[in-house]
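What follows is a single structure, written as structure tokens, with notes after it.
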Amino acid sequence: MKKLMLLSIILISIGIICAQETVESILNNPGAKIGQKVTVEGFVDQWIDSQSGTNYYVLKGDYGGTIKVNSSSKPETGARYSVTGLVQKDAYSDAPLIAEISAAKIETNPQPQAPAPAPEPTPQPQQSNTNSTLLILALLGVVGIIVLIYFLTRKKSVTTSSFEQTSPSSSTPPPPPIPGVANPMSSTIIMNQPSEFKTIMFTRNDKTMRFIPGRFEIITDEDKGKTFMISGYPGPEGNEVTVGREEVKGERVNSHIRISDKFRTVSRQQAVIVESAGKICVVNKSNTNPTQINGKELAEGEKREIKFNDVIKMGELEFLYKQ
């Protein structure tokens, strides 16, 4: 008998617990709760003192749901209450609300708060060689910039005489000449190597002269196949280069091609090569040893333009004017 009574009490308690309403159960099925008397528990979240309608407070359930409770007495905000009332529909929001019949504050024993754990020490960044690495990279960058500027602004200063090394058989620029040594890849002679020529001598001053385009190739005698470039001294008709067996001194020596004395068929003042407005002309200065261009003689004082692949003959010595 006692066991039957105990079992009944347990079943009744379970039924009461299972039947107990919550804020969330009303919110989840408001249509089934309208007009019913319910008892729910929750915490008073806030109190609204309405000036034009019924005062109410917001009751917050154990699972986060909130419901409006119309009441004439102000409860303690933040306290837990057991509220009994009728479930109704809010005329403004159609949400369910509780018209309070009674409310009882539930005293709760606050659980002692566990001491907050001590904050973990912030790990200090390990000392590294980052600063040293950045400094090294910066120094390398500065050195690289200095080297680049050096090579970009560096001007190669070459002291030359009357002949410049060229390559008659290739458009690829020849390697830089070594003073006193003939270019092994070409028979072209450097201007500061007069000893390489047996037929002519030439000197040049780059500061006062202007370059004449093209090259002259000797096609007769001992220097056959050798080429050279010339530059003229500014004159009344243009940049001028004199040609002959005459020995010239002073500033004009830099623009004079002296022919070897063994060529007696070349006059002391044989001809003048003139560059003006991009044209190259030859002026014959001799009345005893005429100058020829492509086999045609020039009279004394006659001026004739030459072009690439023209042949200029002065006595026994012949030159081919070429690119």
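Chains: A, B, ... in order of the structure tokens. Residues: from 1 per chain. Ligands: from 1, in order shown.
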All residues 12 Å or closer to Lys279 of chain A, only C-alpha atoms, same chain fewer than 6 positions away omitted, as a ChimeraX atom specification: /A:212-214,237-240,273,303-308
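Distance check against Ala104 of chain A using only C-alpha atoms: of A:Thr39, A:Gln323, A:Gln51, A:Gln88, the minimum falls on A:Thr39.
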